[in-house]
Amino acid sequence: MSRLTAIMSGKGGVGKTTLTAALGITLARMGKKVLLLDGDLGLCNLDLILGVSDRVRFNMYDMALGKCFSDEVIVPVETNLDFMAGSSEYTWDTVFEGAVDTVLEDMDGQYDYILLDCPAGLGRGITYAETHANDAIIVQVPTRSSERDAHRLKKELSGKIPIWIIGNEFVWNDEQFLSPSDFVRSVDVRDLLGIVPRTVKAGTLSNQGKFGTNSDWGIFGEAMRIVAKNYVHFRFYPQSTWNKLIQQARTEETPADSSVNKKKQQEKKNLLARMVYKWGRRRW
């Protein structure tokens, strides 16, 4: 049987879909056979991050309604990794869940892992996932609202399905609401899948849809390899492991990014100098 994991978040904009794609690609490169299933019906964009939108002809609900066969809806991404699009026309409030069941039944056993990218928040999509998935991953970023919504979602799922927690987009400074150590103290370490740092490279690859065509993910890639190993056979990693990655990510920039940042900083200095000069002329 396939292991079906629902990837969720209490709120949107936490990088849930990016992590779904990255985890699936990392598992596939470890030799696992993986299907990425876009379950964010109505607001689907996993195909954009994977860079396969031009090859999508049918979606999951088309197959559920018998409009196409499985080989027509499944899009190969790379070796060991397939993708099935969700519907932009239908939402979880309008689909017939029994039809979706048939899709999962057909896919069961064909893959080692099926990763279901769920809609953010609570709703029928989450209710469906909690009754069909083997486990769930809740994605949380270091903000007050994300922490509250993640806790609410965990409370909703508690006792119904095994839960993993993953911290995403953590940076090494004092401005974020939760530091890495605060985050670790706020969760049960037995449920902690990992802490992924925010990096320029991850954001660029996600926005350009080049995760599947680029093998150099930098520090983000190192973090995802540990997360994938934890997902397959959980092993506790000390907080120092995550701290080191987050600190390294702080200084990780591509040459292009570095030159752009320097140019912007110089332009800002020039603007401030002109403002000071004009202010001095007016005052005196």
# chains A, B, ... in the order shown; residues from 1 in each chain; ligands from 1
$ residues_around --residues "Gln239 (chain A)" --least-positions-apart "6" --cutoff "9 Å" --atoms "only C-alpha atoms" --output "list in words"
Pro180, Ser181 and Val184 of chain A
$ residues_around --residues "Met8 (chain A)" --least-positions-apart "4" --cutoff "7 Å" --atoms "only C-alpha atoms" --output "PyMOL selection string"
chain A and resi 16+117-120+137-139
$ write_last_selection --atoms "N, CA and C atoms" --output "PDB file, in the first residue's frame"
ATOM      1  N   LYS A  16       3.698  25.983   1.851  1.00  0.00           N
ATOM      2  CA  LYS A  16       3.240  24.592   1.902  1.00  0.00           C
ATOM      3  C   LYS A  16       3.427  23.875   0.562  1.00  0.00           C
ATOM      4  N   ASP A 117      -1.187  17.862  -1.496  1.00  0.00           N
ATOM      5  CA  ASP A 117      -1.105  19.280  -1.144  1.00  0.00           C
ATOM      6  C   ASP A 117      -2.517  19.785  -0.856  1.00  0.00           C
ATOM      7  N   CYS A 118      -2.804  20.043   0.410  1.00  0.00           N
ATOM      8  CA  CYS A 118      -4.157  20.401   0.843  1.00  0.00           C
ATOM      9  C   CYS A 118      -4.388  21.911   0.815  1.00  0.00           C
ATOM     10  N   PRO A 119      -5.651  22.336   0.808  1.00  0.00           N
ATOM     11  CA  PRO A 119      -5.938  23.762   0.929  1.00  0.00           C
ATOM     12  C   PRO A 119      -5.569  24.251   2.326  1.00  0.00           C
ATOM     13  N   ALA A 120      -5.263  25.541   2.448  1.00  0.00           N
ATOM     14  CA  ALA A 120      -4.931  26.110   3.755  1.00  0.00           C
ATOM     15  C   ALA A 120      -6.189  26.230   4.617  1.00  0.00           C
ATOM     16  N   ILE A 137       1.276  16.453   7.643  1.00  0.00           N
ATOM     17  CA  ILE A 137       2.374  17.366   7.945  1.00  0.00           C
ATOM     18  C   ILE A 137       1.788  18.767   8.012  1.00  0.00           C
ATOM     19  N   ILE A 138       1.970  19.441   9.138  1.00  0.00           N
ATOM     20  CA  ILE A 138       1.516  20.824   9.299  1.00  0.00           C
ATOM     21  C   ILE A 138       2.715  21.746   9.129  1.00  0.00           C
ATOM     22  N   VAL A 139       2.601  22.700   8.216  1.00  0.00           N
ATOM     23  CA  VAL A 139       3.680  23.643   7.938  1.00  0.00           C
ATOM     24  C   VAL A 139       3.428  24.934   8.711  1.00  0.00           C
TER      25      VAL A 139
END
$ select_by_dssp --residues "region 10-86 of chain A" --states "strand (DSSP E)" --output "list in words"
Val34, Leu35, Leu36, Leu37, Asp38, Ile74, Val75, Pro76, Val77, Glu78, Leu81, Asp82, Phe83 and Met84 of chain A
$ closest_residue --among "A:Asn230, A:Gln247, A:Thr20, A:Gln208" --to "Leu115 (chain A)" --atoms "only C-alpha atoms"
A:Thr20
$ atom_distance --atom1 "CA of Asp71 (chain A)" --atom2 "CA of Thr127 (chain A)"
28.2 Å
$ closest_residue --among "A:Met63, A:Val100, A:Leu4, A:Leu19" --to "Ile166 (chain A)" --atoms "only C-alpha atoms"
A:Leu19
$ residues_around --residues "Thr251 (chain A)" --least-positions-apart "5" --cutoff "12 Å" --atoms "only C-alpha atoms" --output "list in words"
Val171, Trp172, Pro197, Arg198, Thr199, Val200, Lys201, Gly218, Ile219, Lys244, Leu245, Ile246, Asp257 and Ser258 of chain A
$ residues_around --residues "region 193-196 of chain A" --least-positions-apart "6" --cutoff "8 Å" --atoms "only C-alpha atoms" --output "PyMOL selection string"
chain A and resi 164-170+180+220+223-224+226-227+230-231+234+242+246
$ write_last_selection --atoms "C-alpha atoms" --output "compact mmCIF listing (two decimals), in the first residue's frame"
# COMPACT_ATOMS: atom_id res chain seq x y z
CA TRP A 164 4.16 15.92 11.92
CA ILE A 165 5.24 19.54 12.33
CA ILE A 166 7.70 21.32 10.05
CA GLY A 167 9.01 24.86 10.52
CA ASN A 168 9.58 26.79 7.32
CA GLU A 169 11.30 30.03 6.28
CA PHE A 170 13.22 30.49 9.51
CA PRO A 180 14.35 28.35 16.13
CA PHE A 220 17.63 24.51 1.38
CA ALA A 223 17.56 20.78 5.01
CA MET A 224 15.13 18.94 2.72
CA ILE A 226 17.20 15.64 6.42
CA VAL A 227 13.44 16.23 6.36
CA ASN A 230 12.98 11.89 8.89
CA TYR A 231 9.82 11.34 6.89
CA PHE A 234 12.21 9.18 11.86
CA TRP A 242 18.89 23.16 12.32
CA ILE A 246 19.79 28.52 9.36
$ atom_distance --atom1 "CA of Gly86 (chain A)" --atom2 "CA of Thr102 (chain A)"
14.6 Å
$ residues_around --residues "region 45-57 of chain A" --least-positions-apart "6" --cutoff "10 Å" --atoms "only C-alpha atoms" --output "PDB file with C-alpha atoms, in the first residue's frame"
ATOM      1  CA  LYS A  16       3.240  24.592   1.902  1.00  0.00           C
ATOM      2  CA  THR A  17       3.118  23.915  -1.836  1.00  0.00           C
ATOM      3  CA  THR A  18       6.831  24.623  -2.265  1.00  0.00           C
ATOM      4  CA  THR A  20       5.323  19.560  -1.046  1.00  0.00           C
ATOM      5  CA  ALA A  21       7.206  19.810  -4.332  1.00  0.00           C
ATOM      6  CA  ALA A  22      10.629  19.829  -2.669  1.00  0.00           C
ATOM      7  CA  ILE A  25      11.516  15.551  -5.548  1.00  0.00           C
ATOM      8  CA  LEU A  36       2.390  14.571  -6.024  1.00  0.00           C
ATOM      9  CA  LEU A  37      -1.349  15.215  -5.927  1.00  0.00           C
ATOM     10  CA  ASP A  38      -2.652  18.808  -5.971  1.00  0.00           C
ATOM     11  CA  GLY A  39      -5.576  18.752  -3.570  1.00  0.00           C
ATOM     12  CA  CYS A  68      -9.815  10.482 -18.991  1.00  0.00           C
ATOM     13  CA  GLU A  72      -3.660  10.832 -19.534  1.00  0.00           C
ATOM     14  CA  VAL A  73      -3.845  12.706 -16.243  1.00  0.00           C
ATOM     15  CA  ILE A  74      -0.490  11.674 -14.744  1.00  0.00           C
ATOM     16  CA  VAL A  75       2.401  13.949 -15.721  1.00  0.00           C
ATOM     17  CA  PRO A  76       5.932  12.529 -15.282  1.00  0.00           C
ATOM     18  CA  VAL A  77       8.178  15.121 -13.625  1.00  0.00           C
ATOM     19  CA  PHE A  83       2.237  14.663 -10.743  1.00  0.00           C
ATOM     20  CA  MET A  84      -1.541  14.840 -10.908  1.00  0.00           C
ATOM     21  CA  ALA A  85      -3.166  18.263 -11.169  1.00  0.00           C
ATOM     22  CA  GLY A  86      -6.133  19.425  -9.146  1.00  0.00           C
ATOM     23  CA  SER A  88      -9.358  24.944 -10.842  1.00  0.00           C
ATOM     24  CA  ASP A 117      -1.105  19.280  -1.144  1.00  0.00           C
ATOM     25  CA  LEU A 205      13.584  28.012  -7.984  1.00  0.00           C
ATOM     26  CA  SER A 206       9.980  27.980  -6.760  1.00  0.00           C
ATOM     27  CA  ASN A 207       8.978  31.158  -8.594  1.00  0.00           C
ATOM     28  CA  GLN A 208      10.660  30.022 -11.813  1.00  0.00           C
ATOM     29  CA  GLY A 209       9.316  26.455 -11.660  1.00  0.00           C
ATOM     30  CA  LYS A 210      12.818  24.965 -11.789  1.00  0.00           C
ATOM     31  CA  PHE A 211      12.890  22.659  -8.761  1.00  0.00           C
ATOM     32  CA  GLY A 212      12.696  19.602 -10.990  1.00  0.00           C
ATOM     33  CA  THR A 213      15.368  20.751 -13.446  1.00  0.00           C
TER      34      THR A 213
END
$ select_by_dssp --residues "region 138-211 of chain A" --states "helix (DSSP H, G or I)" --output "number ranges by chain"
A: 144-157, 180-186, 189-191, 200-208
$ residues_around --residues "Arg3 (chain A)" --least-positions-apart "6" --cutoff "10 Å" --atoms "only C-alpha atoms" --output "mmCIF file with N, CA, C and O atoms, in the first residue's frame"
data_model
loop_
_atom_site.group_PDB
_atom_site.id
_atom_site.type_symbol
_atom_site.label_atom_id
_atom_site.label_comp_id
_atom_site.auth_asym_id
_atom_site.auth_seq_id
_atom_site.Cartn_x
_atom_site.Cartn_y
_atom_site.Cartn_z
ATOM 1 N N VAL A 34 7.137 8.316 -6.120
ATOM 2 C CA VAL A 34 6.297 9.325 -5.473
ATOM 3 C C VAL A 34 5.288 9.913 -6.458
ATOM 4 O O VAL A 34 5.600 10.157 -7.630
ATOM 5 N N ASP A 108 -3.419 3.772 -5.287
ATOM 6 C CA ASP A 108 -2.882 3.049 -4.135
ATOM 7 C C ASP A 108 -2.100 1.818 -4.587
ATOM 8 O O ASP A 108 -2.573 1.020 -5.393
ATOM 9 N N GLY A 109 -0.884 1.684 -4.072
ATOM 10 C CA GLY A 109 -0.035 0.549 -4.401
ATOM 11 C C GLY A 109 0.893 0.792 -5.574
ATOM 12 O O GLY A 109 1.858 0.044 -5.775
ATOM 13 N N TYR A 111 2.617 3.592 -5.920
ATOM 14 C CA TYR A 111 3.680 4.480 -5.447
ATOM 15 C C TYR A 111 4.042 4.127 -4.006
ATOM 16 O O TYR A 111 3.223 3.585 -3.257
ATOM 17 N N ASP A 112 5.276 4.454 -3.643
ATOM 18 C CA ASP A 112 5.659 4.321 -2.235
ATOM 19 C C ASP A 112 4.983 5.395 -1.394
ATOM 20 O O ASP A 112 4.508 5.131 -0.294
ATOM 21 N N TYR A 113 4.945 6.614 -1.958
ATOM 22 C CA TYR A 113 4.392 7.751 -1.219
ATOM 23 C C TYR A 113 3.517 8.599 -2.143
ATOM 24 O O TYR A 113 3.867 8.851 -3.294
ATOM 25 N N ILE A 114 2.376 9.023 -1.613
ATOM 26 C CA ILE A 114 1.510 9.993 -2.282
ATOM 27 C C ILE A 114 1.426 11.212 -1.375
ATOM 28 O O ILE A 114 0.986 11.106 -0.225
ATOM 29 N N LEU A 115 1.864 12.357 -1.878
ATOM 30 C CA LEU A 115 1.829 13.595 -1.105
ATOM 31 C C LEU A 115 0.675 14.445 -1.609
ATOM 32 O O LEU A 115 0.645 14.835 -2.786
ATOM 33 N N ALA A 133 -5.968 10.053 4.738
ATOM 34 C CA ALA A 133 -4.504 10.028 4.776
ATOM 35 C C ALA A 133 -3.982 9.165 5.909
ATOM 36 O O ALA A 133 -4.662 8.956 6.921
ATOM 37 N N ASN A 134 -2.770 8.665 5.734
ATOM 38 C CA ASN A 134 -2.103 7.899 6.789
ATOM 39 C C ASN A 134 -1.508 8.804 7.856
ATOM 40 O O ASN A 134 -1.391 8.421 9.014
ATOM 41 N N ASP A 135 -1.092 9.994 7.457
ATOM 42 C CA ASP A 135 -0.562 10.967 8.391
ATOM 43 C C ASP A 135 -0.631 12.349 7.766
ATOM 44 O O ASP A 135 -1.004 12.497 6.599
#
$ closest_residue --among "A:Glu147, A:Asp216, A:Glu89, A:Asp101" --to "Thr131 (chain A)" --atoms "only C-alpha atoms"
A:Asp101
$ atom_distance --atom1 "CA of Ala6 (chain A)" --atom2 "CA of Asn80 (chain A)"
19.4 Å
$ closest_residue --among "A:Met1, A:Ala228, A:Ala249, A:Met60" --to "Leu116 (chain A)" --atoms "only C-alpha atoms"
A:Met60
$ closest_residue --among "A:Ile163, A:Val189, A:Val141, A:Leu104" --to "Ser70 (chain A)" --atoms "only C-alpha atoms"
A:Leu104
